[in-house]
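Pasting target02.txt here (compact mmCIF, C-alpha atoms):
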# COMPACT_ATOMS: atom_id res chain seq x y z
CA MET Q 290 -35.54 11.48 -49.02
CA ASN Q 291 -36.23 7.70 -49.08
CA LYS Q 292 -36.31 5.28 -46.16
CA PHE Q 293 -32.89 3.85 -47.04
CA THR Q 294 -31.26 7.28 -46.88
CA LEU Q 295 -32.98 8.07 -43.60
CA SER Q 296 -31.89 4.74 -42.17
CA LEU Q 297 -28.32 5.29 -43.36
CA MET Q 298 -28.23 8.77 -41.84
CA ALA Q 299 -29.66 7.50 -38.56
CA GLY Q 300 -27.03 4.76 -38.38
CA LEU Q 301 -24.28 7.24 -39.20
CA CYS Q 302 -25.49 9.62 -36.48
CA ALA Q 303 -25.59 6.77 -33.95
CA ALA Q 304 -22.05 5.73 -34.86
CA ILE Q 305 -20.82 9.31 -34.52
CA ALA Q 306 -22.57 9.67 -31.17
CA GLY Q 307 -21.08 6.38 -29.95
CA ALA Q 308 -17.63 7.43 -31.08
CA ALA Q 309 -18.04 10.80 -29.34
CA GLN Q 310 -19.12 9.11 -26.12
CA ALA Q 311 -16.24 6.59 -26.06
CA LYS Q 312 -13.04 7.98 -24.61
CA GLY Q 313 -9.69 6.65 -25.68
CA PRO Q 314 -8.45 3.10 -26.25
CA PRO Q 315 -9.54 0.04 -24.26
CA VAL Q 316 -7.93 -0.18 -20.81
CA LYS Q 317 -6.96 -3.37 -18.97
CA ILE Q 318 -5.79 -3.21 -15.37
CA GLY Q 319 -4.29 -6.16 -13.52
CA VAL Q 320 -4.29 -6.52 -9.74
CA LEU Q 321 -1.32 -8.71 -8.82
CA THR Q 322 -1.58 -9.54 -5.13
CA ASP Q 323 -1.36 -12.22 -2.44
CA MET Q 324 -4.70 -14.01 -2.69
CA SER Q 325 -4.31 -16.65 -0.01
CA GLY Q 326 -1.03 -16.23 1.88
CA THR Q 327 0.48 -14.06 4.60
CA TYR Q 328 -0.67 -10.74 3.11
CA ALA Q 329 -4.06 -11.77 1.72
CA SER Q 330 -6.07 -9.96 4.39
CA MET Q 331 -4.37 -6.59 3.88
CA GLY Q 332 -4.39 -6.90 0.08
CA GLY Q 333 -5.80 -9.93 -1.72
CA PRO Q 334 -9.45 -10.02 -2.81
CA GLY Q 335 -10.03 -6.70 -1.04
CA SER Q 336 -7.58 -5.03 -3.42
CA VAL Q 337 -9.52 -6.44 -6.38
CA ALA Q 338 -12.74 -5.03 -4.91
CA ALA Q 339 -11.07 -1.63 -4.39
CA ALA Q 340 -9.82 -1.55 -7.99
CA GLN Q 341 -13.31 -2.36 -9.27
CA LEU Q 342 -14.76 0.46 -7.16
CA ALA Q 343 -12.23 2.85 -8.72
CA ILE Q 344 -13.25 1.69 -12.20
CA ASN Q 345 -16.95 2.07 -11.42
CA ASP Q 346 -16.50 5.56 -9.97
CA CYS Q 347 -14.42 6.71 -12.94
CA LEU Q 348 -16.90 5.26 -15.45
CA ALA Q 349 -19.57 7.38 -13.79
CA ALA Q 350 -17.43 10.52 -14.17
CA GLU Q 351 -14.24 11.23 -16.17
CA CYS Q 352 -14.15 7.78 -17.80
CA LYS Q 353 -17.73 7.74 -19.07
CA GLY Q 354 -17.90 5.68 -22.26
CA MET Q 355 -14.49 4.05 -21.82
CA ASP Q 356 -13.91 0.32 -22.20
CA ILE Q 357 -12.21 -0.74 -18.92
CA SER Q 358 -11.63 -4.30 -17.76
CA LEU Q 359 -10.01 -5.81 -14.67
CA LEU Q 360 -7.84 -8.91 -14.25
CA SER Q 361 -6.45 -10.37 -11.04
CA ALA Q 362 -3.90 -13.01 -10.08
CA ASP Q 363 -2.11 -14.48 -7.07
CA ASN Q 364 1.61 -13.63 -6.92
CA GLN Q 365 2.11 -16.33 -4.23
CA ASN Q 366 4.71 -14.01 -2.65
CA LYS Q 367 7.24 -15.32 -5.19
CA ALA Q 368 9.20 -12.94 -7.41
CA ASP Q 369 9.41 -15.42 -10.29
CA VAL Q 370 5.66 -16.09 -10.21
CA GLY Q 371 4.85 -12.38 -10.15
CA ALA Q 372 7.33 -11.60 -12.92
CA ALA Q 373 5.96 -14.36 -15.16
CA LYS Q 374 2.39 -13.15 -14.69
CA ALA Q 375 3.37 -9.54 -15.41
CA ARG Q 376 5.07 -10.55 -18.68
CA GLU Q 377 2.05 -12.65 -19.67
CA TRP Q 378 -0.34 -9.78 -18.96
CA PHE Q 379 1.75 -7.21 -20.83
CA ASP Q 380 2.72 -9.39 -23.81
CA ARG Q 381 -0.37 -11.53 -24.35
CA ASP Q 382 -3.34 -9.96 -22.60
CA GLY Q 383 -2.84 -6.27 -23.37
CA VAL Q 384 -2.72 -5.13 -19.75
CA SER Q 385 -1.76 -1.44 -19.57
CA ALA Q 386 -1.18 -1.13 -15.79
CA ILE Q 387 -0.62 -3.40 -12.79
CA ALA Q 388 -1.71 -2.45 -9.26
CA ASP Q 389 -1.10 -3.49 -5.63
CA LEU Q 390 1.97 -5.86 -5.59
CA THR Q 391 1.76 -6.83 -1.90
CA ASN Q 392 5.28 -8.31 -1.72
CA SER Q 393 8.47 -6.22 -2.00
CA ALA Q 394 10.45 -8.89 -3.88
CA VAL Q 395 7.62 -9.29 -6.38
CA ALA Q 396 7.29 -5.52 -6.68
CA LEU Q 397 10.97 -5.02 -7.51
CA ALA Q 398 10.81 -7.74 -10.18
CA VAL Q 399 7.68 -6.27 -11.79
CA GLN Q 400 9.09 -2.72 -11.64
CA GLY Q 401 11.89 -3.73 -14.03
CA ILE Q 402 9.53 -5.48 -16.44
CA ALA Q 403 7.06 -2.57 -16.50
CA LYS Q 404 9.90 -0.15 -17.23
CA GLU Q 405 11.12 -2.36 -20.08
CA LYS Q 406 7.60 -2.62 -21.55
CA ASN Q 407 6.67 1.04 -20.95
CA LYS Q 408 3.69 0.07 -18.78
CA VAL Q 409 2.50 1.83 -15.64
CA VAL Q 410 2.78 0.02 -12.31
CA LEU Q 411 1.02 1.22 -9.14
CA PHE Q 412 2.44 0.01 -5.82
CA SER Q 413 0.19 0.08 -2.74
CA GLY Q 414 1.17 -3.13 -0.93
CA PRO Q 415 5.00 -3.30 -0.88
CA ALA Q 416 7.11 -1.39 1.63
CA THR Q 417 10.63 -1.32 0.19
CA THR Q 418 12.07 2.12 -0.59
CA GLY Q 419 14.09 0.50 -3.37
CA LEU Q 420 11.16 1.24 -5.68
CA THR Q 421 11.89 4.96 -5.47
CA ASN Q 422 15.67 4.79 -5.04
CA ASP Q 423 18.07 2.73 -7.18
CA ASN Q 424 15.22 0.80 -8.82
CA CYS Q 425 12.98 3.78 -9.56
CA SER Q 426 11.16 4.03 -12.89
CA PRO Q 427 9.50 6.83 -14.88
CA VAL Q 428 6.38 4.64 -15.09
CA GLY Q 429 6.42 3.34 -11.49
CA PHE Q 430 4.46 4.96 -8.65
CA HIS Q 431 4.75 4.03 -4.97
CA TRP Q 432 1.43 5.06 -3.57
CA MET Q 433 0.62 4.49 0.09
CA PHE Q 434 3.48 3.71 2.53
CA ASP Q 435 7.06 2.48 2.69
CA VAL Q 436 9.62 1.53 5.30
CA TYR Q 437 10.68 5.14 5.80
CA SER Q 438 7.13 6.34 6.49
CA GLN Q 439 6.61 3.48 8.96
CA SER Q 440 9.84 4.31 10.80
CA VAL Q 441 9.56 8.07 11.25
CA GLY Q 442 6.45 8.21 13.41
CA GLY Q 443 6.54 4.79 15.05
CA VAL Q 444 10.17 4.83 16.15
CA LYS Q 445 10.02 8.43 17.30
CA ALA Q 446 6.95 7.70 19.43
CA MET Q 447 8.70 4.80 21.16
CA VAL Q 448 11.95 6.70 21.73
CA ASP Q 449 10.00 9.65 23.12
CA LYS Q 450 8.39 7.25 25.62
CA GLY Q 451 11.84 6.14 26.83
CA GLY Q 452 12.43 3.20 24.51
CA LYS Q 453 16.14 3.71 23.87
CA SER Q 454 17.38 0.12 23.35
CA TRP Q 455 15.88 -2.02 20.57
CA PHE Q 456 15.79 -5.65 19.45
CA PHE Q 457 14.37 -6.55 16.01
CA VAL Q 458 12.43 -9.67 15.01
CA THR Q 459 12.55 -9.47 11.22
CA VAL Q 460 11.11 -11.45 8.31
CA ASP Q 461 13.95 -12.68 6.11
CA TYR Q 462 13.47 -11.08 2.69
CA ALA Q 463 13.70 -7.65 1.03
CA PHE Q 464 10.72 -6.14 2.86
CA GLY Q 465 11.88 -7.13 6.35
CA HIS Q 466 15.51 -6.18 5.76
CA SER Q 467 14.48 -2.77 4.44
CA LEU Q 468 11.98 -2.20 7.26
CA GLN Q 469 14.57 -3.04 9.93
CA LYS Q 470 17.24 -0.87 8.33
CA GLY Q 471 14.94 2.14 8.12
CA ALA Q 472 13.84 1.73 11.73
CA GLN Q 473 17.28 1.08 13.21
CA ASP Q 474 18.73 4.06 11.34
CA MET Q 475 16.03 6.20 12.91
CA VAL Q 476 16.67 4.70 16.37
CA LYS Q 477 20.35 5.63 16.13
CA GLU Q 478 19.57 9.08 14.75
CA LEU Q 479 17.38 9.73 17.78
CA GLY Q 480 20.10 8.62 20.19
CA GLY Q 481 18.96 5.05 20.82
CA SER Q 482 20.81 1.75 20.31
CA VAL Q 483 20.15 -1.59 18.63
CA VAL Q 484 21.21 -4.43 20.93
CA GLY Q 485 20.37 -7.29 18.57
CA SER Q 486 18.14 -8.81 15.91
CA VAL Q 487 16.97 -12.16 14.58
CA LEU Q 488 15.60 -13.22 11.19
CA HIS Q 489 12.63 -15.54 10.67
CA PRO Q 490 11.20 -17.15 7.50
CA LEU Q 491 8.11 -15.74 5.80
CA ASN Q 492 4.84 -17.26 7.03
CA VAL Q 493 6.14 -19.01 10.16
CA ALA Q 494 3.74 -20.22 12.86
CA ASP Q 495 6.05 -20.63 15.86
CA PHE Q 496 7.91 -17.53 17.08
CA ALA Q 497 9.10 -19.05 20.37
CA SER Q 498 12.84 -19.14 19.64
CA TYR Q 499 12.84 -15.63 18.16
CA LEU Q 500 10.87 -14.12 21.03
CA LEU Q 501 13.03 -15.81 23.65
CA GLN Q 502 16.08 -14.16 22.09
CA ALA Q 503 14.29 -10.81 22.18
CA GLN Q 504 13.29 -11.36 25.80
CA SER Q 505 16.78 -12.34 26.93
CA SER Q 506 18.28 -9.27 25.21
CA LYS Q 507 16.62 -7.08 27.88
CA ALA Q 508 15.97 -4.48 25.15
CA GLN Q 509 13.41 -1.87 26.15
CA VAL Q 510 11.65 -2.23 22.79
CA VAL Q 511 11.00 -5.44 20.85
CA ALA Q 512 10.30 -4.31 17.28
CA LEU Q 513 8.48 -6.55 14.81
CA ALA Q 514 9.73 -5.92 11.28
CA ASN Q 515 7.21 -8.16 9.56
CA GLY Q 516 3.58 -8.05 8.48
CA GLY Q 517 0.36 -9.91 7.76
CA ALA Q 518 -0.15 -13.25 9.51
CA ASP Q 519 3.44 -13.11 10.77
CA VAL Q 520 2.88 -9.98 12.84
CA VAL Q 521 -0.42 -11.31 14.19
CA ASN Q 522 1.22 -14.55 15.35
CA ALA Q 523 4.24 -12.73 16.79
CA ILE Q 524 2.13 -10.31 18.84
CA LYS Q 525 -0.12 -13.07 20.22
CA GLN Q 526 2.87 -15.17 21.24
CA ALA Q 527 4.74 -12.16 22.67
CA ARG Q 528 1.80 -11.62 25.03
CA GLU Q 529 1.88 -15.30 25.99
CA PHE Q 530 5.63 -15.14 26.72
CA GLY Q 531 5.08 -12.17 29.00
CA ILE Q 532 7.23 -9.78 27.00
CA VAL Q 533 4.90 -6.87 27.64
CA SER Q 534 4.00 -7.79 31.23
CA GLY Q 535 7.72 -8.24 31.88
CA GLY Q 536 8.39 -4.60 31.17
CA GLN Q 537 9.47 -4.62 27.52
CA ARG Q 538 7.53 -2.56 25.00
CA LEU Q 539 6.23 -4.17 21.81
CA ALA Q 540 6.33 -2.15 18.58
CA SER Q 541 4.87 -3.20 15.24
CA LEU Q 542 6.52 -1.36 12.38
CA LEU Q 543 3.83 -2.37 9.89
CA ILE Q 544 0.36 -3.45 10.91
CA PHE Q 545 -2.98 -3.18 9.17
CA LEU Q 546 -6.59 -2.85 10.24
CA SER Q 547 -7.17 -6.48 9.24
CA ASP Q 548 -4.32 -7.55 11.56
CA LEU Q 549 -5.75 -5.58 14.49
CA ARG Q 550 -9.12 -7.18 13.90
CA ALA Q 551 -7.54 -10.63 13.86
CA LEU Q 552 -5.63 -9.87 17.09
CA GLY Q 553 -8.55 -8.43 19.01
CA LEU Q 554 -8.23 -5.48 21.36
CA GLU Q 555 -7.17 -7.62 24.32
CA ASN Q 556 -3.97 -8.54 22.47
CA ALA Q 557 -3.43 -5.33 20.49
CA GLN Q 558 -4.38 -2.62 23.01
CA GLY Q 559 -1.76 0.04 23.53
CA LEU Q 560 0.19 -0.68 20.33
CA THR Q 561 1.29 2.42 18.46
CA TYR Q 562 1.62 2.24 14.70
CA VAL Q 563 1.78 4.44 11.62
CA ASP Q 564 -0.95 4.28 8.98
CA GLY Q 565 -1.69 6.10 5.74
CA PHE Q 566 -5.46 5.57 5.92
CA TYR Q 567 -7.97 4.86 8.66
CA TRP Q 568 -11.63 4.37 7.87
CA ASP Q 569 -12.87 6.69 10.65
CA PHE Q 570 -10.53 9.64 9.99
CA ASP Q 571 -13.14 12.04 8.56
CA GLU Q 572 -16.48 12.06 6.75
CA GLY Q 573 -14.82 11.36 3.39
CA THR Q 574 -13.02 8.25 4.64
CA ARG Q 575 -16.15 7.06 6.42
CA ALA Q 576 -18.28 7.45 3.28
CA TRP Q 577 -15.80 5.64 1.07
CA SER Q 578 -15.33 2.89 3.66
CA ARG Q 579 -19.08 2.31 3.70
CA GLN Q 580 -18.93 1.98 -0.08
CA PHE Q 581 -16.07 -0.52 0.22
CA ALA Q 582 -17.86 -2.52 2.92
CA GLY Q 583 -20.90 -2.78 0.67
CA ALA Q 584 -18.73 -4.25 -2.08
CA PHE Q 585 -16.58 -6.50 0.11
CA LYS Q 586 -18.42 -8.61 2.66
CA GLY Q 587 -19.02 -5.81 5.15
CA GLN Q 588 -15.27 -5.38 5.77
CA LYS Q 589 -13.58 -2.04 6.40
CA PRO Q 590 -10.61 -1.31 4.11
CA THR Q 591 -6.93 -1.49 5.01
CA MET Q 592 -4.53 1.21 3.83
CA THR Q 593 -3.48 -1.14 0.99
CA HIS Q 594 -7.08 -1.39 -0.22
CA ALA Q 595 -7.42 2.39 0.02
CA GLY Q 596 -4.15 2.84 -1.87
CA VAL Q 597 -5.29 0.53 -4.66
CA TYR Q 598 -8.48 2.54 -5.06
CA SER Q 599 -6.66 5.89 -5.07
CA SER Q 600 -3.91 4.79 -7.47
CA VAL Q 601 -6.24 3.10 -9.96
CA ARG Q 602 -8.66 6.04 -9.86
CA HIS Q 603 -5.85 8.52 -10.53
CA TYR Q 604 -4.40 6.34 -13.29
CA LEU Q 605 -7.80 6.18 -15.04
CA LYS Q 606 -8.26 9.93 -14.78
CA ALA Q 607 -4.88 10.33 -16.48
CA VAL Q 608 -5.83 7.87 -19.24
CA ALA Q 609 -9.06 9.77 -19.86
CA ALA Q 610 -7.23 13.11 -19.91
CA SER Q 611 -4.38 11.93 -22.17
CA GLN Q 612 -6.50 9.68 -24.42
CA SER Q 613 -3.68 7.13 -24.28
CA VAL Q 614 -2.56 3.95 -22.49
CA GLN Q 615 1.08 4.41 -23.48
CA GLY Q 616 3.01 4.23 -20.23
CA ASP Q 617 5.19 7.34 -20.50
CA VAL Q 618 2.29 9.46 -21.76
CA VAL Q 619 -0.04 8.41 -18.95
CA ALA Q 620 2.73 8.74 -16.35
CA ALA Q 621 3.39 12.32 -17.43
CA LYS Q 622 -0.32 13.13 -17.13
CA MET Q 623 -0.48 11.47 -13.69
CA ARG Q 624 2.24 13.85 -12.49
CA GLU Q 625 0.44 16.80 -14.04
CA ILE Q 626 -3.08 16.43 -12.65
CA PRO Q 627 -3.80 16.71 -8.89
CA ILE Q 628 -4.59 13.65 -6.75
CA GLN Q 629 -8.12 14.25 -5.49
CA ASP Q 630 -10.09 11.52 -3.73
CA PRO Q 631 -11.39 10.65 -0.23
CA ILE Q 632 -8.24 8.63 0.51
CA MET Q 633 -5.22 10.92 0.23
CA HIS Q 634 -4.60 14.20 2.04
CA ASN Q 635 -2.06 16.76 0.78
CA ALA Q 636 -0.86 14.30 -1.87
CA SER Q 637 1.55 14.89 -4.75
CA ILE Q 638 3.88 12.82 -6.95
CA ARG Q 639 7.63 13.38 -6.82
CA PRO Q 640 10.11 12.78 -9.68
CA ASP Q 641 11.22 9.50 -8.06
CA GLY Q 642 7.68 8.11 -8.25
CA ARG Q 643 7.03 8.46 -4.52
CA VAL Q 644 3.51 9.72 -3.77
CA ILE Q 645 3.86 11.82 -0.63
CA HIS Q 646 0.86 12.55 1.59
CA ASP Q 647 0.01 12.97 5.26
CA MET Q 648 0.63 9.90 7.43
CA TYR Q 649 -0.80 9.27 10.89
CA LEU Q 650 0.33 7.89 14.22
CA TYR Q 651 -2.39 5.79 15.88
CA GLU Q 652 -2.73 3.95 19.18
CA VAL Q 653 -4.90 0.85 19.53
CA LYS Q 654 -7.81 1.38 21.90
CA THR Q 655 -8.57 -0.63 24.99
CA PRO Q 656 -11.71 -2.80 24.91
CA ALA Q 657 -13.42 -0.26 27.19
CA GLU Q 658 -12.72 2.60 24.74
CA SER Q 659 -14.09 0.81 21.66
CA LYS Q 660 -17.66 1.57 20.61
CA ASN Q 661 -18.08 -1.10 17.91
CA GLU Q 662 -16.24 -3.96 16.19
CA TRP Q 663 -14.34 -1.64 13.82
CA ASP Q 664 -13.60 1.11 16.37
CA LEU Q 665 -10.04 -0.03 16.96
CA SER Q 666 -7.69 2.97 17.01
CA LYS Q 667 -7.38 6.59 18.05
CA LEU Q 668 -5.37 9.29 16.31
CA VAL Q 669 -2.27 10.42 18.20
CA ALA Q 670 -0.60 12.72 15.67
CA THR Q 671 -0.49 13.73 12.01
CA ILE Q 672 2.86 13.44 10.24
CA PRO Q 673 2.89 16.05 7.43
CA ALA Q 674 3.53 14.81 3.90
CA ALA Q 675 6.83 16.66 3.64
CA GLU Q 676 8.15 14.88 6.76
CA ALA Q 677 6.59 11.44 6.37
CA PHE Q 678 8.78 10.15 3.54
CA GLN Q 679 12.48 9.96 2.67
CA PRO Q 680 13.75 13.43 1.70
CA LEU Q 681 14.12 13.78 -2.04
CA ALA Q 682 17.61 15.19 -1.49
CA THR Q 683 18.78 11.81 -0.20
CA SER Q 684 17.16 9.76 -2.97
CA THR Q 685 19.43 7.60 -5.11
CA CYS Q 686 16.89 7.54 -7.95
CA PRO Q 687 18.57 8.47 -11.27
CA LEU Q 688 15.44 10.45 -12.24
CA VAL Q 689 16.09 12.97 -9.49
CA LYS Q 690 18.18 15.91 -10.61
CA LYS Q 691 20.81 16.83 -8.05
CA SER Q 692 21.57 20.49 -7.53

Rewrite the structure of this file - the entire thing - as structure tokens.
Amino acid sequence: MNKFTLSLMAGLCAAIAGAAQAKGPPVKIGVLTDMSGTYASMGGPGSVAAAQLAINDCLAAECKGMDISLLSADNQNKADVGAAKAREWFDRDGVSAIADLTNSAVALAVQGIAKEKNKVVLFSGPATTGLTNDNCSPVGFHWMFDVYSQSVGGVKAMVDKGGKSWFFVTVDYAFGHSLQKGAQDMVKELGGSVVGSVLHPLNVADFASYLLQAQSSKAQVVALANGGADVVNAIKQAREFGIVSGGQRLASLLIFLSDLRALGLENAQGLTYVDGFYWDFDEGTRAWSRQFAGAFKGQKPTMTHAGVYSSVRHYLKAVAASQSVQGDVVAAKMREIPIQDPIMHNASIRPDGRVIHDMYLYEVKTPAESKNEWDLSKLVATIPAAEAFQPLATSTCPLVKKS
């Protein structure tokens, strides 16, 4: 056998080995999030870091040998901007899945495009239940929380403490409207009443007029149906206006670890809130949060960051298992294989695309209770997966078969 033959055989063996090691087609994932606006701290660059961690972890395990790349963009909290970027990614850049979508209006716009293009979309940042009701999709997955999950535990806790009358301060777009509706429906179901509400624009600095209306309503509970920088500003100013010291209770229907850190325990102490992930829940969450902190400026992750990691990791497992990036094929595999990671507990995917899992009721610690800068909350109760989300029987998703 001559040197040429040996060289040819060696090259052929190397090519075969490389082909055997590579798994499936190239994968491109886009993180479409708020990079610099109201929701940047709970999503934003941290969501990009979480997605990259999911890619790295999968490449070291099920995805070994796969070609996976990550893109990111700022949706600017504008549905038209998010929709245009999604079309560009799908049509020009070969993106096979989009993750995060921190704004409900953006999420609803992208859901329709992804369905049209047969591409998977993974929602961890938006709260609207519309994604798993009328606007559900066979290739859309709502991963971490929604307005129903935020209402069940938080509202019940306040009503149980005697908070029967409610006033809502609500951000004026799909997310806020949906959050208020879910909460006020729960208030009424539990025997309480809604005495009034007021809408405010997204990303407003001065809450004086809205808080004065809440204060003059004499409602026992002033509920903030907003998020990000808006909820931080509203809580700080509510303290300044004496809403809490005057006897009214303050409830945040959606608040993140990054918001609590920005508020500080002096302002946030005593708040109850519902969360899908807390860094100090168990050894698994602590280990993963250390990993995240190492990749993202020493910061602990929010539940959006955790949801991005979990959804991207599960998506990649499904791509590896199905050897495909075709949306309907991967979506079917995602529903077939179990969700197993340090983030989600008792998780499963329903026909409407809702990922159900245990949720948790937390209370913000007092400064005296806190042991370090990230020791912000204490667990009050676990809300089982089957109870934490809208019952499937009441879903208006056309994918749900009615008996």

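Residue nearest Gly354 of chain Q, chosen from Q:Ala609, Q:Val476, Q:Gly485, Q:Asp519 and counting all atoms listed in the file: Q:Ala609.
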
- For Thr459 of chain Q, please output as a PyMOL selection string all residues within 7 Å (counting all atoms listed in the file; exclusion window: fewer than 4 positions along the same chain). chain Q and resi 465+469+487-489+513-515

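The coordinates place atom CA of Gln588 of chain Q at 23.4 Å from atom CA of His603 of chain Q.
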
- Determine the nearest neighbour of Pro687 of chain Q from the options Q:Pro640, Q:Gly332, Q:Pro315, Q:Gly517, counting all atoms listed in the file. Q:Pro640

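Note that the spacing between atom CA of Leu397 of chain Q and atom CA of Ala373 of chain Q amounts to 13.1 Å.
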
- Please identify all polymer residues within 12 Å of Ala508 of chain Q, counting only C-alpha atoms, omitting same-chain residues fewer than 2 positions from it, and present them as a PyMOL selection string. chain Q and resi 451-458+481-486+500-506+510-512+532-533+535-540

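Counting all atoms listed in the file, the residue from Q:Asn422, Q:Asn407, Q:Ser611, Q:Ser413 that sits nearest to Arg639 of chain Q is Q:Asn422.
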
- Query: By how many Å are atom CA of Arg579 of chain Q and atom CA of Ser336 of chain Q apart?
  - Reply: 15.4 Å

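Ranking Q:Met355, Q:Ile632, Q:Ala607, Q:Ala584 by their shortest atom-to-atom distance to Asp571 of chain Q, with only C-alpha atoms included, puts Q:Ile632 first.
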
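Residues within 9 Å of Thr593 of chain Q, counting only C-alpha atoms and excluding same-chain residues fewer than 6 positions away, are Met331, Gly332, Gly335, Ser336, Asp389, Thr391, Ser413, Gly414, Pro415, Met433, Phe434, Phe545, Gly565 and Phe566 of chain Q.
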
- Task: Can you pull out every residue within 7 Å of Phe464 of chain Q, counting only C-alpha atoms, but drop anything in the same chain fewer than 4 positions away, and send it as JSON, numbers by chain?
- Result: {"Q": [393, 416, 417, 468]}

Taking 5 positions as the minimum chain separation for residues in the same chain, which residues sit within 12 Å of Ser426 of chain Q when counting only C-alpha atoms? Answer as a PDB file with C-alpha atoms, in the frame of the given file.
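out34.pdb, written as the output of this step:
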ATOM      1  CA  LEU Q 397      10.970  -5.020  -7.510  1.00  0.00           C
ATOM      2  CA  VAL Q 399       7.680  -6.270 -11.790  1.00  0.00           C
ATOM      3  CA  GLN Q 400       9.090  -2.720 -11.640  1.00  0.00           C
ATOM      4  CA  GLY Q 401      11.890  -3.730 -14.030  1.00  0.00           C
ATOM      5  CA  ILE Q 402       9.530  -5.480 -16.440  1.00  0.00           C
ATOM      6  CA  ALA Q 403       7.060  -2.570 -16.500  1.00  0.00           C
ATOM      7  CA  LYS Q 404       9.900  -0.150 -17.230  1.00  0.00           C
ATOM      8  CA  GLU Q 405      11.120  -2.360 -20.080  1.00  0.00           C
ATOM      9  CA  LYS Q 406       7.600  -2.620 -21.550  1.00  0.00           C
ATOM     10  CA  ASN Q 407       6.670   1.040 -20.950  1.00  0.00           C
ATOM     11  CA  LYS Q 408       3.690   0.070 -18.780  1.00  0.00           C
ATOM     12  CA  VAL Q 409       2.500   1.830 -15.640  1.00  0.00           C
ATOM     13  CA  VAL Q 410       2.780   0.020 -12.310  1.00  0.00           C
ATOM     14  CA  LEU Q 411       1.020   1.220  -9.140  1.00  0.00           C
ATOM     15  CA  PHE Q 412       2.440   0.010  -5.820  1.00  0.00           C
ATOM     16  CA  GLY Q 419      14.090   0.500  -3.370  1.00  0.00           C
ATOM     17  CA  LEU Q 420      11.160   1.240  -5.680  1.00  0.00           C
ATOM     18  CA  THR Q 421      11.890   4.960  -5.470  1.00  0.00           C
ATOM     19  CA  HIS Q 431       4.750   4.030  -4.970  1.00  0.00           C
ATOM     20  CA  GLY Q 616       3.010   4.230 -20.230  1.00  0.00           C
ATOM     21  CA  ASP Q 617       5.190   7.340 -20.500  1.00  0.00           C
ATOM     22  CA  ALA Q 620       2.730   8.740 -16.350  1.00  0.00           C
ATOM     23  CA  ARG Q 639       7.630  13.380  -6.820  1.00  0.00           C
ATOM     24  CA  PRO Q 640      10.110  12.780  -9.680  1.00  0.00           C
ATOM     25  CA  ASP Q 641      11.220   9.500  -8.060  1.00  0.00           C
ATOM     26  CA  GLY Q 642       7.680   8.110  -8.250  1.00  0.00           C
ATOM     27  CA  ARG Q 643       7.030   8.460  -4.520  1.00  0.00           C
ATOM     28  CA  THR Q 685      19.430   7.600  -5.110  1.00  0.00           C
ATOM     29  CA  CYS Q 686      16.890   7.540  -7.950  1.00  0.00           C
ATOM     30  CA  PRO Q 687      18.570   8.470 -11.270  1.00  0.00           C
ATOM     31  CA  LEU Q 688      15.440  10.450 -12.240  1.00  0.00           C
ATOM     32  CA  VAL Q 689      16.090  12.970  -9.490  1.00  0.00           C
TER      33      VAL Q 689
END

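Here the question is which of Q:Ala338, Q:Gly471, Q:Asp461, Q:Pro627 gets nearest to Ser578 of chain Q using only C-alpha atoms, and that residue is Q:Ala338.
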
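Residue nearest Val448 of chain Q, chosen from Q:Lys654, Q:Thr561, Q:Asp423, Q:Glu351 and counting all atoms listed in the file: Q:Thr561.
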
- Spatial sel., origin (11.8, 6.5, 7.2), limit 8 Å, only C-alpha atoms, listed as an MDAnalysis selection string: chainID Q and resid 435:441 471:472 475 677:679

Saved selection, atoms kept: C-alpha atoms, as a PDB file, in the frame of the given file:
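Just written: out.pdb:
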ATOM      1  CA  ASP Q 435       7.060   2.480   2.690  1.00  0.00           C
ATOM      2  CA  VAL Q 436       9.620   1.530   5.300  1.00  0.00           C
ATOM      3  CA  TYR Q 437      10.680   5.140   5.800  1.00  0.00           C
ATOM      4  CA  SER Q 438       7.130   6.340   6.490  1.00  0.00           C
ATOM      5  CA  GLN Q 439       6.610   3.480   8.960  1.00  0.00           C
ATOM      6  CA  SER Q 440       9.840   4.310  10.800  1.00  0.00           C
ATOM      7  CA  VAL Q 441       9.560   8.070  11.250  1.00  0.00           C
ATOM      8  CA  GLY Q 471      14.940   2.140   8.120  1.00  0.00           C
ATOM      9  CA  ALA Q 472      13.840   1.730  11.730  1.00  0.00           C
ATOM     10  CA  MET Q 475      16.030   6.200  12.910  1.00  0.00           C
ATOM     11  CA  ALA Q 677       6.590  11.440   6.370  1.00  0.00           C
ATOM     12  CA  PHE Q 678       8.780  10.150   3.540  1.00  0.00           C
ATOM     13  CA  GLN Q 679      12.480   9.960   2.670  1.00  0.00           C
TER      14      GLN Q 679
END
